[in-house]
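Enquirer: protein12.csv is reproduced in full below (CSV, N, CA and C atoms).
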```csv
chain,number,residue,atom,x,y,z
A,1,MET,N,106.0,85.0,74.1
A,1,MET,CA,105.8,84.1,75.3
A,1,MET,C,106.5,84.7,76.5
A,2,ILE,N,107.8,85.1,76.3
A,2,ILE,CA,108.5,85.7,77.4
A,2,ILE,C,107.8,86.9,77.9
A,3,ASN,N,107.4,87.8,77.1
A,3,ASN,CA,106.8,89.1,77.5
A,3,ASN,C,105.5,88.7,78.3
A,4,ALA,N,104.8,87.7,77.9
A,4,ALA,CA,103.5,87.3,78.6
A,4,ALA,C,103.8,86.8,80.0
A,5,VAL,N,104.9,86.0,80.1
A,5,VAL,CA,105.3,85.5,81.4
A,5,VAL,C,105.7,86.6,82.3
A,6,ILE,N,106.6,87.5,81.8
A,6,ILE,CA,107.0,88.7,82.5
A,6,ILE,C,105.9,89.5,83.0
A,7,GLY,N,104.9,89.7,82.1
A,7,GLY,CA,103.7,90.5,82.4
A,7,GLY,C,102.9,89.9,83.5
A,8,ILE,N,102.8,88.6,83.5
A,8,ILE,CA,102.0,87.9,84.6
A,8,ILE,C,102.7,88.1,85.9
A,9,ILE,N,104.1,87.9,85.9
A,9,ILE,CA,104.8,88.0,87.1
A,9,ILE,C,104.7,89.4,87.6
A,10,ALA,N,104.9,90.4,86.8
A,10,ALA,CA,104.8,91.8,87.2
A,10,ALA,C,103.4,92.1,87.8
A,11,ALA,N,102.4,91.6,87.1
A,11,ALA,CA,101.0,91.9,87.6
A,11,ALA,C,100.8,91.3,89.0
A,12,LEU,N,101.3,90.1,89.2
A,12,LEU,CA,101.2,89.5,90.5
A,12,LEU,C,102.0,90.1,91.6
A,13,ALA,N,103.2,90.7,91.2
A,13,ALA,CA,104.1,91.3,92.2
A,13,ALA,C,103.8,92.7,92.6
A,14,VAL,N,103.1,93.4,91.8
A,14,VAL,CA,102.8,94.8,92.0
A,14,VAL,C,101.6,95.0,92.9
A,15,VAL,N,101.8,95.7,94.0
A,15,VAL,CA,100.6,96.1,94.9
A,15,VAL,C,100.6,97.6,94.9
A,16,PRO,N,99.5,98.2,94.4
A,16,PRO,CA,99.4,99.6,94.3
A,16,PRO,C,99.5,100.3,95.6
A,17,HIS,N,100.1,101.5,95.6
A,17,HIS,CA,100.2,102.3,96.9
A,17,HIS,C,99.5,103.6,96.6
A,18,PRO,N,98.5,103.9,97.3
A,18,PRO,CA,97.7,105.1,97.0
A,18,PRO,C,98.4,106.4,96.9
A,19,GLY,N,99.4,106.6,97.6
A,19,GLY,CA,100.1,107.9,97.6
A,19,GLY,C,101.3,107.9,96.6
A,20,GLY,N,101.6,106.8,96.0
A,20,GLY,CA,102.8,106.7,95.1
A,20,GLY,C,104.0,106.5,96.0
A,21,TYR,N,105.1,106.1,95.4
A,21,TYR,CA,106.3,105.8,96.1
A,21,TYR,C,107.4,106.9,95.7
A,22,GLY,N,108.2,107.2,96.6
A,22,GLY,CA,109.2,108.1,96.4
A,22,GLY,C,108.8,109.6,96.2
A,23,THR,N,107.6,109.9,96.7
A,23,THR,CA,107.0,111.2,96.4
A,23,THR,C,106.9,112.0,97.8
A,24,GLY,N,107.8,111.7,98.7
A,24,GLY,CA,107.7,112.4,100.0
A,24,GLY,C,107.1,111.4,101.0
A,25,GLY,N,106.0,111.7,101.6
A,25,GLY,CA,105.4,110.8,102.5
A,25,GLY,C,106.2,110.7,103.8
A,26,GLY,N,105.8,109.7,104.6
A,26,GLY,CA,106.5,109.5,105.9
A,26,GLY,C,107.8,108.8,105.8
A,27,ARG,N,108.3,108.5,106.9
A,27,ARG,CA,109.6,107.8,107.0
A,27,ARG,C,109.5,106.4,106.5
A,28,ASP,N,108.4,105.8,106.6
A,28,ASP,CA,108.2,104.4,106.1
A,28,ASP,C,107.9,104.3,104.6
A,29,THR,N,107.7,105.4,103.9
A,29,THR,CA,107.4,105.4,102.5
A,29,THR,C,108.7,105.1,101.7
A,30,PRO,N,108.8,104.0,101.0
A,30,PRO,CA,110.1,103.7,100.3
A,30,PRO,C,110.4,104.8,99.2
A,31,ARG,N,111.6,105.1,99.0
A,31,ARG,CA,112.0,106.0,97.9
A,31,ARG,C,112.1,105.2,96.6
A,32,ALA,N,112.0,103.9,96.6
A,32,ALA,CA,112.0,103.1,95.4
A,32,ALA,C,111.1,101.9,95.6
A,33,ARG,N,110.3,101.6,94.6
A,33,ARG,CA,109.5,100.4,94.6
A,33,ARG,C,109.6,99.8,93.2
A,34,LEU,N,110.2,98.7,93.1
A,34,LEU,CA,110.5,98.1,91.8
A,34,LEU,C,110.0,96.6,91.7
A,35,THR,N,109.6,96.2,90.5
A,35,THR,CA,109.3,94.8,90.3
A,35,THR,C,110.4,94.3,89.4
A,36,LEU,N,111.1,93.3,89.9
A,36,LEU,CA,112.2,92.6,89.1
A,36,LEU,C,111.7,91.3,88.7
A,37,SER,N,111.9,90.9,87.4
A,37,SER,CA,111.5,89.6,86.9
A,37,SER,C,112.5,89.2,85.8
A,38,TYR,N,112.5,87.9,85.7
A,38,TYR,CA,113.3,87.3,84.5
A,38,TYR,C,112.6,86.1,84.0
A,39,ALA,N,112.7,85.8,82.7
A,39,ALA,CA,112.1,84.7,82.1
A,39,ALA,C,113.0,84.1,81.1
A,40,ALA,N,113.1,82.8,81.1
A,40,ALA,CA,113.9,82.1,80.1
A,40,ALA,C,113.0,81.6,79.0
A,41,GLU,N,113.6,81.5,77.8
A,41,GLU,CA,112.8,81.0,76.7
A,41,GLU,C,112.4,79.5,76.9
A,42,THR,N,113.0,78.9,77.8
A,42,THR,CA,112.7,77.5,78.2
A,42,THR,C,111.4,77.4,79.0
A,43,GLY,N,110.9,78.6,79.4
A,43,GLY,CA,109.6,78.6,80.1
A,43,GLY,C,109.7,78.9,81.6
A,44,SER,N,110.9,78.9,82.2
A,44,SER,CA,111.1,79.2,83.6
A,44,SER,C,111.1,80.7,83.8
A,45,ALA,N,110.6,81.1,85.0
A,45,ALA,CA,110.5,82.5,85.3
A,45,ALA,C,110.5,82.8,86.8
A,46,ALA,N,110.8,84.0,87.2
A,46,ALA,CA,110.8,84.3,88.6
A,46,ALA,C,110.6,85.8,88.7
A,47,GLY,N,110.1,86.3,89.8
A,47,GLY,CA,109.9,87.7,90.0
A,47,GLY,C,109.7,88.1,91.5
A,48,VAL,N,110.2,89.3,91.8
A,48,VAL,CA,110.1,89.8,93.2
A,48,VAL,C,109.8,91.3,93.2
A,49,THR,N,109.4,91.8,94.3
A,49,THR,CA,109.4,93.2,94.5
A,49,THR,C,110.6,93.6,95.3
A,50,LEU,N,111.0,94.9,95.1
A,50,LEU,CA,112.2,95.4,95.8
A,50,LEU,C,111.8,96.8,96.2
A,51,THR,N,111.9,97.1,97.5
A,51,THR,CA,111.8,98.5,98.0
A,51,THR,C,113.1,98.9,98.6
A,52,CYS,N,113.4,100.2,98.4
A,52,CYS,CA,114.6,100.8,98.9
A,52,CYS,C,114.3,102.0,99.8
A,53,GLU,N,115.1,102.2,100.8
A,53,GLU,CA,115.0,103.3,101.8
A,53,GLU,C,113.6,103.5,102.3
A,54,PRO,N,113.1,102.6,103.1
A,54,PRO,CA,113.8,101.4,103.7
A,54,PRO,C,113.8,100.2,102.7
A,55,ASP,N,114.8,99.4,102.9
A,55,ASP,CA,115.0,98.2,102.1
A,55,ASP,C,114.1,97.1,102.5
A,56,GLY,N,113.5,96.4,101.5
A,56,GLY,CA,112.6,95.4,101.8
A,56,GLY,C,112.0,94.8,100.5
A,57,GLY,N,110.8,94.3,100.6
A,57,GLY,CA,110.1,93.6,99.5
A,57,GLY,C,110.4,92.1,99.6
A,58,GLY,N,110.2,91.4,98.5
A,58,GLY,CA,110.4,90.0,98.5
A,58,GLY,C,111.8,89.6,98.1
A,59,HIS,N,112.7,90.5,97.8
A,59,HIS,CA,114.0,90.2,97.3
A,59,HIS,C,114.8,89.6,98.5
A,60,PRO,N,115.5,88.5,98.4
A,60,PRO,CA,116.2,87.9,99.5
A,60,PRO,C,117.4,88.7,100.0
A,61,ARG,N,117.9,89.5,99.2
A,61,ARG,CA,119.1,90.4,99.6
A,61,ARG,C,118.8,91.8,99.2
A,62,ALA,N,117.7,92.3,99.8
A,62,ALA,CA,117.2,93.7,99.4
A,62,ALA,C,118.2,94.7,99.7
A,63,GLY,N,118.9,94.7,100.8
A,63,GLY,CA,119.9,95.7,101.2
A,63,GLY,C,121.0,95.8,100.2
A,64,ARG,N,121.5,94.7,99.8
A,64,ARG,CA,122.6,94.6,98.8
A,64,ARG,C,122.1,95.0,97.4
A,65,ALA,N,120.9,94.6,97.1
A,65,ALA,CA,120.4,95.0,95.7
A,65,ALA,C,120.1,96.5,95.7
A,66,CYS,N,119.6,97.1,96.7
A,66,CYS,CA,119.4,98.6,96.8
A,66,CYS,C,120.8,99.3,96.7
A,67,ALA,N,121.8,98.8,97.4
A,67,ALA,CA,123.1,99.4,97.4
A,67,ALA,C,123.7,99.4,96.0
A,68,ALA,N,123.5,98.2,95.3
A,68,ALA,CA,124.0,98.1,93.9
A,68,ALA,C,123.3,99.1,93.0
A,69,LEU,N,122.0,99.2,93.2
A,69,LEU,CA,121.3,100.2,92.3
A,69,LEU,C,121.6,101.6,92.7
A,70,THR,N,121.9,101.9,93.9
A,70,THR,CA,122.3,103.3,94.3
A,70,THR,C,123.6,103.6,93.7
A,71,ARG,N,124.6,102.7,93.7
A,71,ARG,CA,125.9,103.0,93.1
A,71,ARG,C,125.7,103.2,91.6
A,72,ALA,N,124.8,102.5,91.0
A,72,ALA,CA,124.5,102.6,89.5
A,72,ALA,C,123.6,103.7,89.1
A,73,GLY,N,123.1,104.5,90.1
A,73,GLY,CA,122.2,105.6,89.8
A,73,GLY,C,120.8,105.0,89.3
A,74,GLY,N,120.5,103.8,89.8
A,74,GLY,CA,119.2,103.3,89.4
A,74,GLY,C,119.2,102.6,88.0
A,75,ASP,N,120.3,102.5,87.4
A,75,ASP,CA,120.4,101.9,86.0
A,75,ASP,C,121.2,100.6,86.0
A,76,PRO,N,120.4,99.5,85.9
A,76,PRO,CA,121.1,98.2,85.9
A,76,PRO,C,122.3,98.0,84.9
A,77,ASP,N,122.2,98.8,83.8
A,77,ASP,CA,123.3,98.7,82.8
A,77,ASP,C,124.6,99.3,83.3
A,78,ARG,N,124.5,100.1,84.4
A,78,ARG,CA,125.7,100.7,85.0
A,78,ARG,C,126.3,99.9,86.2
A,79,ILE,N,125.7,98.7,86.5
A,79,ILE,CA,126.2,97.9,87.5
A,79,ILE,C,127.5,97.3,87.1
A,80,ARG,N,128.5,97.3,87.9
A,80,ARG,CA,129.8,96.8,87.6
A,80,ARG,C,129.7,95.3,87.5
A,81,PRO,N,130.1,94.7,86.3
A,81,PRO,CA,130.0,93.2,86.1
A,81,PRO,C,130.9,92.5,87.1
A,82,ARG,N,130.4,91.3,87.5
A,82,ARG,CA,131.3,90.5,88.4
A,82,ARG,C,132.3,89.8,87.5
A,83,ARG,N,133.4,89.4,88.2
A,83,ARG,CA,134.4,88.6,87.4
A,83,ARG,C,134.1,87.1,87.6
A,84,VAL,N,133.3,86.7,86.6
A,84,VAL,CA,132.8,85.3,86.6
A,84,VAL,C,132.9,84.8,85.2
A,85,TYR,N,133.3,83.6,85.0
A,85,TYR,CA,133.3,83.0,83.7
A,85,TYR,C,132.0,82.2,83.5
A,86,CYS,N,131.4,82.4,82.3
A,86,CYS,CA,130.1,81.7,82.0
A,86,CYS,C,130.4,80.8,80.8
A,87,MET,N,129.7,79.7,80.8
A,87,MET,CA,129.8,78.8,79.7
A,87,MET,C,129.1,79.4,78.5
A,88,THR,N,129.6,79.0,77.3
A,88,THR,CA,129.0,79.6,76.1
A,88,THR,C,127.9,78.6,75.6
A,89,VAL,N,126.8,78.8,76.4
A,89,VAL,CA,125.6,78.0,76.1
A,89,VAL,C,124.5,79.0,75.8
A,90,TYR,N,123.9,78.9,74.7
A,90,TYR,CA,122.8,79.9,74.3
A,90,TYR,C,121.5,79.4,74.9
A,91,ALA,N,121.0,80.1,75.9
A,91,ALA,CA,119.7,79.8,76.6
A,91,ALA,C,119.2,81.1,77.0
A,92,PRO,N,118.6,81.9,76.1
A,92,PRO,CA,118.3,83.3,76.4
A,92,PRO,C,117.4,83.5,77.6
A,93,VAL,N,117.7,84.6,78.4
A,93,VAL,CA,117.0,85.0,79.6
A,93,VAL,C,116.7,86.5,79.4
A,94,THR,N,115.5,86.9,79.6
A,94,THR,CA,115.2,88.3,79.6
A,94,THR,C,114.9,88.8,81.0
A,95,ALA,N,115.6,89.8,81.4
A,95,ALA,CA,115.4,90.4,82.7
A,95,ALA,C,114.7,91.8,82.5
A,96,GLU,N,113.8,92.1,83.5
A,96,GLU,CA,113.0,93.3,83.4
A,96,GLU,C,112.9,93.9,84.8
A,97,MET,N,113.0,95.3,84.8
A,97,MET,CA,112.8,96.0,86.0
A,97,MET,C,111.9,97.2,85.7
A,98,THR,N,110.8,97.3,86.5
A,98,THR,CA,109.8,98.3,86.3
A,98,THR,C,109.5,98.9,87.6
A,99,GLY,N,109.0,100.2,87.7
A,99,GLY,CA,108.6,100.8,88.9
A,99,GLY,C,109.1,102.2,89.0
A,100,VAL,N,109.3,102.6,90.3
A,100,VAL,CA,109.7,104.0,90.6
A,100,VAL,C,111.0,103.9,91.3
A,101,TRP,N,112.0,104.6,90.9
A,101,TRP,CA,113.3,104.8,91.5
A,101,TRP,C,113.5,106.3,91.9
A,102,ARG,N,113.4,106.6,93.2
A,102,ARG,CA,113.6,108.0,93.6
A,102,ARG,C,112.8,109.0,92.8
A,103,GLY,N,111.5,108.7,92.6
A,103,GLY,CA,110.6,109.6,92.0
A,103,GLY,C,110.7,109.5,90.5
A,104,ARG,N,111.5,108.7,89.9
A,104,ARG,CA,111.6,108.5,88.4
A,104,ARG,C,111.0,107.2,88.0
A,105,ASN,N,110.1,107.2,87.0
A,105,ASN,CA,109.6,106.0,86.5
A,105,ASN,C,110.7,105.2,85.7
A,106,ILE,N,110.7,103.9,86.0
A,106,ILE,CA,111.8,103.1,85.4
A,106,ILE,C,111.1,101.9,84.6
A,107,ARG,N,111.6,101.7,83.4
A,107,ARG,CA,111.2,100.5,82.6
A,107,ARG,C,112.4,100.1,81.9
A,108,TRP,N,113.1,99.0,82.4
A,108,TRP,CA,114.3,98.5,81.9
A,108,TRP,C,114.2,97.1,81.5
A,109,GLN,N,114.7,96.7,80.4
A,109,GLN,CA,114.7,95.3,79.9
A,109,GLN,C,115.9,94.9,79.1
A,110,HIS,N,116.4,93.7,79.4
A,110,HIS,CA,117.6,93.3,78.6
A,110,HIS,C,117.6,91.8,78.5
A,111,THR,N,118.0,91.3,77.3
A,111,THR,CA,118.1,89.8,77.1
A,111,THR,C,119.5,89.4,77.1
A,112,TYR,N,119.8,88.4,77.9
A,112,TYR,CA,121.2,87.9,78.0
A,112,TYR,C,121.2,86.5,77.4
A,113,GLY,N,122.4,86.1,77.0
A,113,GLY,CA,122.6,84.8,76.4
A,113,GLY,C,122.2,83.6,77.3
A,114,ASN,N,122.4,83.8,78.6
A,114,ASN,CA,122.0,82.7,79.5
A,114,ASN,C,121.9,83.3,80.9
A,115,ALA,N,121.5,82.6,81.9
A,115,ALA,CA,121.3,83.1,83.3
A,115,ALA,C,122.6,83.5,83.9
A,116,CYS,N,123.7,82.8,83.6
A,116,CYS,CA,125.0,83.1,84.2
A,116,CYS,C,125.4,84.5,83.7
A,117,GLU,N,125.2,84.8,82.4
A,117,GLU,CA,125.6,86.1,81.9
A,117,GLU,C,124.7,87.2,82.5
A,118,MET,N,123.4,86.9,82.8
A,118,MET,CA,122.6,87.9,83.5
A,118,MET,C,123.1,88.2,84.9
A,119,ARG,N,123.4,87.1,85.6
A,119,ARG,CA,123.9,87.4,87.0
A,119,ARG,C,125.3,88.0,87.0
A,120,ARG,N,126.1,87.7,86.0
A,120,ARG,CA,127.4,88.4,85.9
A,120,ARG,C,127.2,89.9,85.7
A,121,ALA,N,126.3,90.2,84.9
A,121,ALA,CA,126.1,91.6,84.5
A,121,ALA,C,125.4,92.4,85.6
A,122,THR,N,124.4,91.8,86.3
A,122,THR,CA,123.6,92.5,87.2
A,122,THR,C,123.9,92.2,88.7
A,123,GLY,N,124.8,91.3,89.0
A,123,GLY,CA,125.2,91.0,90.3
A,123,GLY,C,124.0,90.5,91.1
A,124,VAL,N,123.8,91.0,92.3
A,124,VAL,CA,122.8,90.6,93.3
A,124,VAL,C,121.4,91.0,92.9
A,125,LEU,N,121.3,91.9,91.9
A,125,LEU,CA,120.0,92.5,91.6
A,125,LEU,C,119.0,91.4,91.1
A,126,PHE,N,119.4,90.5,90.3
A,126,PHE,CA,118.6,89.4,89.8
A,126,PHE,C,118.9,88.1,90.4
A,127,ALA,N,119.5,88.1,91.6
A,127,ALA,CA,119.9,86.8,92.3
A,127,ALA,C,118.8,86.4,93.2
A,128,PHE,N,117.7,85.9,92.7
A,128,PHE,CA,116.6,85.4,93.5
A,128,PHE,C,116.0,84.2,92.8
```
Render the structure in this file as structure tokens.
Expert:
Amino acid sequence: MINAVIGIIAALAVVPHPGGYGTGGGRDTPRARLTLSYAAETGSAAGVTLTCEPDGGGHPRAGRACAALTRAGGDPDRIRPRRVYCMTVYAPVTAEMTGVWRGRNIRWQHTYGNACEMRRATGVLFAF
């Protein structure tokens, strides 16, 4: 169920670019084009696109999200976790990031115990 919801979000959020992203191009060609989504086992889901260099897409904090990914080398697992306490409530949330980061294809997915744990681990990246 979760993978189906994430797949639908990803399909709706991705708009193909004929020349590819991060492959040179002009000044306005983003060096990264990603689809970020998350889905809870309860059925709620959300997704946005994120472009970097220049920063944009549907992410409400694109600049900060791109900066966090740059510091982490494009790997959400390397984002420094925030110092936040989360309640011990099991309500699984699966986060997914797919697309191109600086010419490299990315397909990342991780399931967290709840939305608070996801945001603690990924910071602003999945804060939408």
Enquirer: When distances are computed from only C-alpha atoms, which of A:Met97, A:Leu34, A:Ala68, A:Ala40 shows the smallest separation from Arg82 (chain A)?
Expert: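 Looking at the shortest contact to Arg82 (chain A), the residue is A:Ala68.
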Enquirer: Please list as a PyMOL selection string every residue within 8 Å of Gly73 (chain A), counting only N, CA and C atoms and excluding residues in the same chain fewer than 6 positions away.
Expert: chain A and resi 67+79+101
Enquirer: Could you make a table, as CSV, of the residues of region 96-126 of chain A that have an atom within 8 Å of an atom of region 87-92 of chain A, each with its nearest atom pair and distance in Å to one decimal, counting all atoms listed in the file, in chain and number order?
Expert:
```
residue,atom,partner,partner_atom,distance
A:Thr111,C,A:Pro92,CA,6.3
A:Tyr112,C,A:Pro92,CA,4.4
A:Gly113,C,A:Ala91,C,3.9
A:Asn114,CA,A:Ala91,C,4.1
A:Ala115,N,A:Ala91,C,5.6
A:Cys116,CA,A:Met87,N,6.7
A:Glu117,N,A:Met87,N,7.0
```
Enquirer: Suppose you want the space between CA of Thr122 (chain A) and CA of Arg80 (chain A); what is it in Å?
Expert: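 For CA of Thr122 (chain A) relative to CA of Arg80 (chain A), the distance reads 7.6 Å.
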Enquirer: Tell me, in Å to one decimal, how far CA of Ile106 (chain A) is from CA of Ser37 (chain A).
Expert: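 Interatomic distance here is 13.6 Å.
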Enquirer: Which of these residues is nearest to Asp55 (chain A), using all atoms listed in the file: A:Cys86, A:Ala127, A:Asp75, A:Pro30?
Expert: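 The shortest atom-to-atom distance to Asp55 (chain A) comes from A:Pro30.
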Enquirer: Separation of atom C of Ala121 (chain A) and atom C of Pro76 (chain A), in Å?
Expert: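 Straight-line distance from atom C of Ala121 (chain A) to atom C of Pro76 (chain A) works out to 6.4 Å.
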Enquirer: When you count all atoms listed in the file, which of these residues is closest to Thr51 (chain A): A:Arg83, A:Arg31, A:Arg102, A:Arg119?
Expert: A:Arg31
Enquirer: With distances taken over all atoms listed in the file, which of A:Asp77, A:Arg107, A:Glu41, A:Thr49 is nearest to Ala62 (chain A)?
Expert: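 Under the stated criterion, the closest residue is A:Thr49.
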Enquirer: Write out as a PDB file with N, CA and C atoms, in the coordinates of the input which residues come within 7 Å of Tyr38 (chain A) when counting only N, CA and C atoms, dropping same-chain ones fewer than 2 positions away.
Expert:
```
ATOM      1  N   ILE A   6     106.600  87.500  81.800  1.00  0.00           N
ATOM      2  CA  ILE A   6     107.000  88.700  82.500  1.00  0.00           C
ATOM      3  C   ILE A   6     105.900  89.500  83.000  1.00  0.00           C
ATOM      4  N   LEU A  36     111.100  93.300  89.900  1.00  0.00           N
ATOM      5  CA  LEU A  36     112.200  92.600  89.100  1.00  0.00           C
ATOM      6  C   LEU A  36     111.700  91.300  88.700  1.00  0.00           C
ATOM      7  N   ALA A  40     113.100  82.800  81.100  1.00  0.00           N
ATOM      8  CA  ALA A  40     113.900  82.100  80.100  1.00  0.00           C
ATOM      9  C   ALA A  40     113.000  81.600  79.000  1.00  0.00           C
ATOM     10  N   SER A  44     110.900  78.900  82.200  1.00  0.00           N
ATOM     11  CA  SER A  44     111.100  79.200  83.600  1.00  0.00           C
ATOM     12  C   SER A  44     111.100  80.700  83.800  1.00  0.00           C
ATOM     13  N   ALA A  45     110.600  81.100  85.000  1.00  0.00           N
ATOM     14  CA  ALA A  45     110.500  82.500  85.300  1.00  0.00           C
ATOM     15  C   ALA A  45     110.500  82.800  86.800  1.00  0.00           C
ATOM     16  N   ALA A  46     110.800  84.000  87.200  1.00  0.00           N
ATOM     17  CA  ALA A  46     110.800  84.300  88.600  1.00  0.00           C
ATOM     18  C   ALA A  46     110.600  85.800  88.700  1.00  0.00           C
ATOM     19  N   GLY A  47     110.100  86.300  89.800  1.00  0.00           N
ATOM     20  CA  GLY A  47     109.900  87.700  90.000  1.00  0.00           C
ATOM     21  C   GLY A  47     109.700  88.100  91.500  1.00  0.00           C
ATOM     22  N   VAL A  48     110.200  89.300  91.800  1.00  0.00           N
ATOM     23  CA  VAL A  48     110.100  89.800  93.200  1.00  0.00           C
ATOM     24  C   VAL A  48     109.800  91.300  93.200  1.00  0.00           C
ATOM     25  N   VAL A  93     117.700  84.600  78.400  1.00  0.00           N
ATOM     26  CA  VAL A  93     117.000  85.000  79.600  1.00  0.00           C
ATOM     27  C   VAL A  93     116.700  86.500  79.400  1.00  0.00           C
ATOM     28  N   THR A  94     115.500  86.900  79.600  1.00  0.00           N
ATOM     29  CA  THR A  94     115.200  88.300  79.600  1.00  0.00           C
ATOM     30  C   THR A  94     114.900  88.800  81.000  1.00  0.00           C
ATOM     31  N   ALA A  95     115.600  89.800  81.400  1.00  0.00           N
ATOM     32  CA  ALA A  95     115.400  90.400  82.700  1.00  0.00           C
ATOM     33  C   ALA A  95     114.700  91.800  82.500  1.00  0.00           C
ATOM     34  N   GLU A  96     113.800  92.100  83.500  1.00  0.00           N
ATOM     35  CA  GLU A  96     113.000  93.300  83.400  1.00  0.00           C
ATOM     36  C   GLU A  96     112.900  93.900  84.800  1.00  0.00           C
TER      37      GLU A  96
END
```
Enquirer: DSSP on the backbone, then: every residue of region 76-122 of chain A marked strand (DSSP E or B), written as a count of residues only.
Expert: 18
